[in-house]
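Only one structure is covered here, and it is reproduced in the block below.
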Amino acid sequence: MADQDPSAPTRFMDLQDPRYAYMFGFLQADGHLAQGRGQKGKLTAEINARDIHILREFQQLTPHYSSITERVRSTNFAESHHSATWSVCSLEARTIVNELGIPYGKKSFSVKPPRTDFSRRDYLRGIIDADGSLGWTAQGFPFLSLTSASTAIAAYLCHYGKKITGTERTISRNTRDGVYNVCYYKETAQQLARHLYYDGCLALAHKKANADSIQAWVRPADMRVAPPRRRWTDKDDRELLRLNDAAAAALALDRTEQSCAMRLWRIRSGRVVAPPQ
């Protein structure tokens, strides 16, 4: 077990501290809080061994005994997967993170942003490092994305992303596996990555490198900029259903016929909820 780092802050998990905000977001997404008999239990985070440096940062930030172990095992994705696990058993540490919003047991659907004051961009960077991706698409465009089962987390990224970039995103669960996929591309991805992955921040090394690398992309002169998407309102949907004709609705709502046809199909097929009458 590792000894307490004498330089570690005295107030564990002060979420106004950028390092703890990041750590908490990461643990919410990729950590696990297990409860044993009596007061026994364990807080763990298992990640690819290439990212062991972030677990060492967690160890230094935690004023309680903790350990980091490594193992190599076979998984569904690789015959030989080398992972590292950070573990802390302290009841005090577990109680603090539990009260802040990491439940015991399964948590993917229930986690949400903290109710107390917290460093927002650092918290979201922790979420992205654990459950998100950023880099280049197959077509060579910058992207930043988050996959989450939590409605609150996905909605919060959309809310925060709009404040930083001005780009609006709406969320809906993937019909295949029931998770949300929130994605940003091109200049919007660059802007959000630059804001979240600032110089000197606590982050996974390879994701910080990706955040820096996508800043070099420049939109080709012949690539048009798509106009901002207009959200469908209940009023729009009611008018669309009343007209029941994509061409007529396109004129009435000042939208494309293709957009109206697709929206009409989505309402009729139940993929979006019909507006209240």
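Ordering of the structure tokens sets the chain letters (A, B, ...); residue numbers start at 1 within each chain; ligands are numbered from 1 in the order shown.
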
Wanna dump the range 98-155 of chain A-range 216-239 of chain A contacts at 10 Å for me, each residue with its shortest atom pair and the distance in Å to one decimal, counting only C-alpha atoms, ordered by chain and number, as a Markdown table?
| residue | atom | partner | partner_atom | distance |
| --- | --- | --- | --- | --- |
| A:Trp136 | CA | A:Trp217 | CA | 9.8 |
| A:Gly140 | CA | A:Trp217 | CA | 8.9 |
| A:Phe141 | CA | A:Trp217 | CA | 7.6 |
| A:Pro142 | CA | A:Trp217 | CA | 7.2 |

Output the selection as a PDB file, in the first residue's frame - C-alpha atoms for each residue.
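Final output, result_39.pdb:
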ATOM      1  CA  TRP A 136      -9.726  12.402 -36.221  1.00  0.00           C
ATOM      2  CA  GLY A 140      -9.736  13.396 -41.540  1.00  0.00           C
ATOM      3  CA  PHE A 141     -12.004  15.768 -39.595  1.00  0.00           C
ATOM      4  CA  PRO A 142     -11.518  16.668 -35.907  1.00  0.00           C
TER       5      PRO A 142
END

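Take the candidates A:Ile164, A:Ala261, A:Leu202, A:Leu157 and check each one against Asp17 in chain A using only C-alpha atoms; the shortest distance goes to A:Leu202.
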
Of the candidates A:Ser67, A:Thr62, A:Gln215, A:Thr170, which one gets nearest to Gln191 in chain A if we count only C-alpha atoms? A:Gln215

Spatial neighbours of His206 in chain A, max dist 12 Å, only C-alpha atoms, sep filter under 3 positions, as a count of residues only: 18

Atomic separation - CA of Arg176 in chain A relative to CA of Gln139 in chain A, Å: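 These atoms are spaced 24.4 Å apart.
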
Looking only at the backbone, which of the residues in range 93-165 of chain A does DSSP tag as alpha helix (DSSP H), as a ChimeraX atom specification? /A:93-100,120-131,151-165

Can you spit out the residues from that selection as a JSON list (two decimals), in the first residue's frame, using N, CA and C atoms?
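Saved result, out-v2.json, follows:
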[["chain", "number", "residue", "atom", "x", "y", "z"],
["A", 93, "ALA", "N", -12.90, 8.00, 2.70],
["A", 93, "ALA", "CA", -12.82, 8.35, 1.28],
["A", 93, "ALA", "C", -14.06, 7.88, 0.54],
["A", 94, "ARG", "N", -14.50, 6.64, 0.83],
["A", 94, "ARG", "CA", -15.68, 6.10, 0.15],
["A", 94, "ARG", "C", -16.93, 6.87, 0.50],
["A", 95, "THR", "N", -17.05, 7.28, 1.74],
["A", 95, "THR", "CA", -18.22, 8.05, 2.17],
["A", 95, "THR", "C", -18.28, 9.39, 1.46],
["A", 96, "ILE", "N", -17.13, 10.04, 1.31],
["A", 96, "ILE", "CA", -17.08, 11.35, 0.65],
["A", 96, "ILE", "C", -17.51, 11.24, -0.81],
["A", 97, "VAL", "N", -16.93, 10.30, -1.55],
["A", 97, "VAL", "CA", -17.27, 10.21, -2.97],
["A", 97, "VAL", "C", -18.71, 9.72, -3.16],
["A", 98, "ASN", "N", -19.18, 8.89, -2.24],
["A", 98, "ASN", "CA", -20.56, 8.43, -2.31],
["A", 98, "ASN", "C", -21.54, 9.59, -2.11],
["A", 99, "GLU", "N", -21.26, 10.43, -1.13],
["A", 99, "GLU", "CA", -22.14, 11.57, -0.86],
["A", 99, "GLU", "C", -22.09, 12.60, -1.98],
["A", 100, "LEU", "N", -20.96, 12.69, -2.68],
["A", 100, "LEU", "CA", -20.83, 13.63, -3.79],
["A", 100, "LEU", "C", -21.54, 13.14, -5.05],
["A", 120, "ARG", "N", -16.19, 23.16, -13.64],
["A", 120, "ARG", "CA", -16.99, 22.50, -14.66],
["A", 120, "ARG", "C", -16.17, 21.92, -15.81],
["A", 121, "ARG", "N", -15.25, 22.67, -16.35],
["A", 121, "ARG", "CA", -14.53, 22.13, -17.49],
["A", 121, "ARG", "C", -13.60, 20.99, -17.09],
["A", 122, "ASP", "N", -13.10, 21.04, -15.86],
["A", 122, "ASP", "CA", -12.24, 19.95, -15.40],
["A", 122, "ASP", "C", -13.06, 18.69, -15.13],
["A", 123, "TYR", "N", -14.23, 18.87, -14.57],
["A", 123, "TYR", "CA", -15.14, 17.73, -14.36],
["A", 123, "TYR", "C", -15.50, 17.07, -15.69],
["A", 124, "LEU", "N", -15.85, 17.87, -16.68],
["A", 124, "LEU", "CA", -16.22, 17.32, -17.97],
["A", 124, "LEU", "C", -15.04, 16.67, -18.68],
["A", 125, "ARG", "N", -13.84, 17.21, -18.49],
["A", 125, "ARG", "CA", -12.66, 16.57, -19.08],
["A", 125, "ARG", "C", -12.45, 15.18, -18.48],
["A", 126, "GLY", "N", -12.71, 15.04, -17.18],
["A", 126, "GLY", "CA", -12.64, 13.73, -16.55],
["A", 126, "GLY", "C", -13.64, 12.76, -17.15],
["A", 127, "ILE", "N", -14.85, 13.23, -17.41],
["A", 127, "ILE", "CA", -15.87, 12.40, -18.04],
["A", 127, "ILE", "C", -15.43, 11.98, -19.44],
["A", 128, "ILE", "N", -14.93, 12.94, -20.22],
["A", 128, "ILE", "CA", -14.49, 12.66, -21.59],
["A", 128, "ILE", "C", -13.30, 11.71, -21.59],
["A", 129, "ASP", "N", -12.34, 11.92, -20.69],
["A", 129, "ASP", "CA", -11.18, 11.03, -20.64],
["A", 129, "ASP", "C", -11.61, 9.59, -20.36],
["A", 130, "ALA", "N", -12.60, 9.42, -19.52],
["A", 130, "ALA", "CA", -13.03, 8.07, -19.14],
["A", 130, "ALA", "C", -13.97, 7.44, -20.17],
["A", 131, "ASP", "N", -14.95, 8.21, -20.65],
["A", 131, "ASP", "CA", -16.00, 7.63, -21.50],
["A", 131, "ASP", "C", -16.13, 8.30, -22.87],
["A", 151, "THR", "N", -28.62, 10.12, -18.66],
["A", 151, "THR", "CA", -29.30, 11.26, -19.27],
["A", 151, "THR", "C", -28.74, 12.57, -18.74],
["A", 152, "ALA", "N", -28.49, 12.63, -17.44],
["A", 152, "ALA", "CA", -28.02, 13.88, -16.82],
["A", 152, "ALA", "C", -26.64, 14.27, -17.34],
["A", 153, "ILE", "N", -25.74, 13.31, -17.50],
["A", 153, "ILE", "CA", -24.39, 13.61, -17.98],
["A", 153, "ILE", "C", -24.42, 14.04, -19.44],
["A", 154, "ALA", "N", -25.15, 13.32, -20.28],
["A", 154, "ALA", "CA", -25.23, 13.67, -21.70],
["A", 154, "ALA", "C", -25.86, 15.05, -21.88],
["A", 155, "ALA", "N", -26.92, 15.33, -21.12],
["A", 155, "ALA", "CA", -27.58, 16.63, -21.23],
["A", 155, "ALA", "C", -26.67, 17.75, -20.74],
["A", 156, "TYR", "N", -25.88, 17.47, -19.71],
["A", 156, "TYR", "CA", -25.00, 18.50, -19.20],
["A", 156, "TYR", "C", -23.90, 18.85, -20.21],
["A", 157, "LEU", "N", -23.36, 17.85, -20.89],
["A", 157, "LEU", "CA", -22.37, 18.14, -21.92],
["A", 157, "LEU", "C", -22.98, 19.01, -23.02],
["A", 158, "CYS", "N", -24.21, 18.69, -23.44],
["A", 158, "CYS", "CA", -24.89, 19.51, -24.46],
["A", 158, "CYS", "C", -25.05, 20.95, -23.98],
["A", 159, "HIS", "N", -25.47, 21.11, -22.73],
["A", 159, "HIS", "CA", -25.67, 22.44, -22.16],
["A", 159, "HIS", "C", -24.36, 23.22, -22.10],
["A", 160, "TYR", "N", -23.32, 22.56, -21.61],
["A", 160, "TYR", "CA", -22.03, 23.23, -21.47],
["A", 160, "TYR", "C", -21.40, 23.48, -22.84],
["A", 161, "GLY", "N", -21.52, 22.50, -23.74],
["A", 161, "GLY", "CA", -20.97, 22.66, -25.07],
["A", 161, "GLY", "C", -21.58, 23.83, -25.81],
["A", 162, "LYS", "N", -22.88, 24.07, -25.62],
["A", 162, "LYS", "CA", -23.53, 25.21, -26.27],
["A", 162, "LYS", "C", -22.99, 26.53, -25.71],
["A", 163, "LYS", "N", -22.76, 26.58, -24.40],
["A", 163, "LYS", "CA", -22.22, 27.80, -23.79],
["A", 163, "LYS", "C", -20.85, 28.13, -24.35],
["A", 164, "ILE", "N", -20.03, 27.12, -24.60],
["A", 164, "ILE", "CA", -18.65, 27.34, -25.05],
["A", 164, "ILE", "C", -18.58, 27.55, -26.56],
["A", 165, "THR", "N", -19.35, 26.80, -27.33],
["A", 165, "THR", "CA", -19.21, 26.83, -28.78],
["A", 165, "THR", "C", -20.37, 27.50, -29.51]]

Compare A:Ser172, A:Val88, A:Ile47, A:Ala34 by their minimum atom-to-atom distance to Gln59 in chain A, counting only C-alpha atoms, and give me the closest one.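 Going through A:Ser172, A:Val88, A:Ile47, A:Ala34 one by one, the smallest distance to Gln59 in chain A is for A:Val88.
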
Of A:Ala138, A:Cys201, A:Ala149, A:Ala246, the one sitting nearest Gly178 in chain A when using only C-alpha atoms is A:Ala149

Please determine, counting only C-alpha atoms, which residue among A:Ser145, A:Ser80, A:Thr167, A:Ser66 has the shortest atom-to-atom distance to Cys183 in chain A.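 Selected residue with least distance to Cys183 in chain A: A:Ser145.
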
Ala84 in chain A surroundings by only C-alpha atoms, 6 Å radius, close-in-sequence under 6 positions cut, as a PyMOL selection string: chain A and resi 46-47+49+69-70

Pick from A:Ile171, A:Leu204, A:Trp265, A:Arg56, whichever lies nearest to Phe26 in chain A using only C-alpha atoms: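 For Phe26 in chain A, the nearest of the candidates is A:Leu204.
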
Distance CA of Phe143 in chain A-CA of Lys186 in chain A, one decimal place? 6.2 Å

DSSP on the backbone: which residues in range 13-172 of chain A end up as strand (DSSP E)? Give the answer as number ranges by chain. A: 31-35, 41-48, 66-73, 81-88, 132-136, 142-148

Do you know which residues are at most 9 Å from Asp117 in chain A counting only C-alpha atoms, after dropping those on the same chain fewer than 3 positions away, and could you put them as a PyMOL selection string? chain A and resi 15-16+114+120
